[in-house]
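Take a look at the structure below.
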Amino acid sequence: MIRFIVLLLSVIVLSACGQGQQPAAPPPPAVTVAPPVKRTVIDQDEYVGRFIAIDSVEVRARVSGYLEQVHFADGGIVKQGDPLFTIDKRPFQNSLAQARGNLAQVKANLAFAEADLARGQSLVRERTISEQVFDQRTQAKRSAEASVAANEALVRQAELDLEFTELRAPVTGRIGDRRVSPGNLVTGGNSGNTTLLATIVSMDPIRFEFTFDETSYLRYERLAKHGTDIASRGLGVPVELKLIDEQDFTHRGKMDFVDNVIDKSSGTIRGRAVFANPGSMFTPGMFARVRVPGSPPYEALLVPDAATATEQTRKFVLIVDAEDIVRQKFVTLGQTAEGLRVIKDGLADGDRVIVNGLMRARPGQKVTPQQEGAAPAPPGSPAKAN
């Protein structure tokens, strides 16, 4: 009986001890923090546009005739001065020979008129001929001189017409396909119904044309007035471009024109840049994206884009204070630069920003921060925010 009572008391004591123990509190969650990166950046504006050729020429004949030869391959590159088409020369050779013959005839008439006038000068002094006859000889000489001048012009025109039977490339570039085959009649001249033979577009260099809105135009102009030339009429501003199948802006060019009027219907103004095109990759009519500097260089703080979050319409980041307590800071975001997000306002240089473990952190909560080193700034030019 005494043994049973002792056993019962032991059970009661052990049960009471078990009820008095509390579970241990979990440790603060671990998060990764890093200071913001301080870097010189330039904001970038992006626009969509298309390439246009600097020179675009429609090849048309200046004289009419039957097409005799074609000297190029369709779609090939031609150089300035290369022969393209040949029109049958024979009618123009005959016209030139006839014009030269007429010129020789009127020159002979002029020689006779000059000799006749020279004889008349002595005869009129001796009163052998009358003043009227002498005046007639003078008039004959002047008419012969005018006839010589007119026929010399006809010879030069005939020579031009013969030269125009050889059509040569006016510019260097890529030629399209021939529109007329040999043997067809080509209509030339200055009329509106001349025959189109081919088209040539220059390839290197090439222009890129795009439009930007009135607000951007005003911003560029104000920056230019303060000595910071962005995309104004100062020209020479460096720009970057990427094609529709490219990820990065790897092609370099420069601004060379801004229009003088804003389009009434769209409220935009036309800008133009020029790019080298040695491999003829850029083709007139091709679409691409251009990146234009939108601000002067400035110092900015950058954090990983994943470290930013949204609360309704406001953006914020989570930081860890000196007591390892999570604090929420509302910030103003800028553009991205090399994978980092520009923070224009709301963040201090020495803040410890949570870059990993955001789902485990809550404002006001104590955490265990683990430091991550700041990304080093790349060498060379300032980072470009896009």
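Please note that chains go A, B, ... in the order of the structure tokens, that every chain numbers its residues from 1, and that ligands are numbered from 1 in the order shown.
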Compile the contact shell of Ser64 of chain A as a short mmCIF file (atom, residue, chain, number, x, y, z; two decimals) with N, CA and C atoms, in the first residue's frame: residues with an atom at most 8 Å away, counting only C-alpha atoms, same-chain residues fewer than 5 positions apart removed.
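The resulting file, around_19.cif, is shown below:
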data_model
loop_
_atom_site.label_atom_id
_atom_site.label_comp_id
_atom_site.auth_asym_id
_atom_site.auth_seq_id
_atom_site.Cartn_x
_atom_site.Cartn_y
_atom_site.Cartn_z
N LEU A 185 10.82 48.92 -125.82
CA LEU A 185 10.95 50.36 -126.06
C LEU A 185 10.93 51.09 -124.73
N VAL A 186 11.91 51.94 -124.52
CA VAL A 186 12.03 52.73 -123.31
C VAL A 186 11.64 54.17 -123.62
N THR A 187 10.75 54.72 -122.82
CA THR A 187 10.33 56.11 -122.99
C THR A 187 11.15 56.99 -122.06
N GLY A 188 11.83 57.96 -122.62
CA GLY A 188 12.66 58.85 -121.83
C GLY A 188 12.20 60.28 -121.94
N GLY A 189 13.05 61.18 -121.46
CA GLY A 189 12.73 62.60 -121.52
C GLY A 189 12.30 63.12 -120.16
#
Strand (DSSP E or B) positions in segment 202-321 of chain A, given as a VMD selection string: chain A and resid 206 to 213 238 to 243 251 to 262 268 to 275 287 to 293 298 to 304 308 to 311 314 to 320
Surrounding residues of Met203 of chain A excluding itself and chain neighbours under 5 positions, 12 Å, only C-alpha atoms, as number ranges by chain: A: 51-56, 76-79, 171-175, 208, 274-285
Atom CA of Gly192 of chain A to atom CA of Glu58 of chain A, distance in Å rounded to a single decimal: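 About the pair atom CA of Gly192 of chain A and atom CA of Glu58 of chain A: they are 13.1 Å apart.
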Nearest residue to Ile343 of chain A from the set A:Pro36, A:Pro293, A:Gly267, A:Pro363 (distances using only C-alpha atoms): A:Pro36
Secondary structure check, alpha helix (DSSP H) residues of segment 25-101 of chain A, as a PyMOL selection string: chain A and resi 90-101
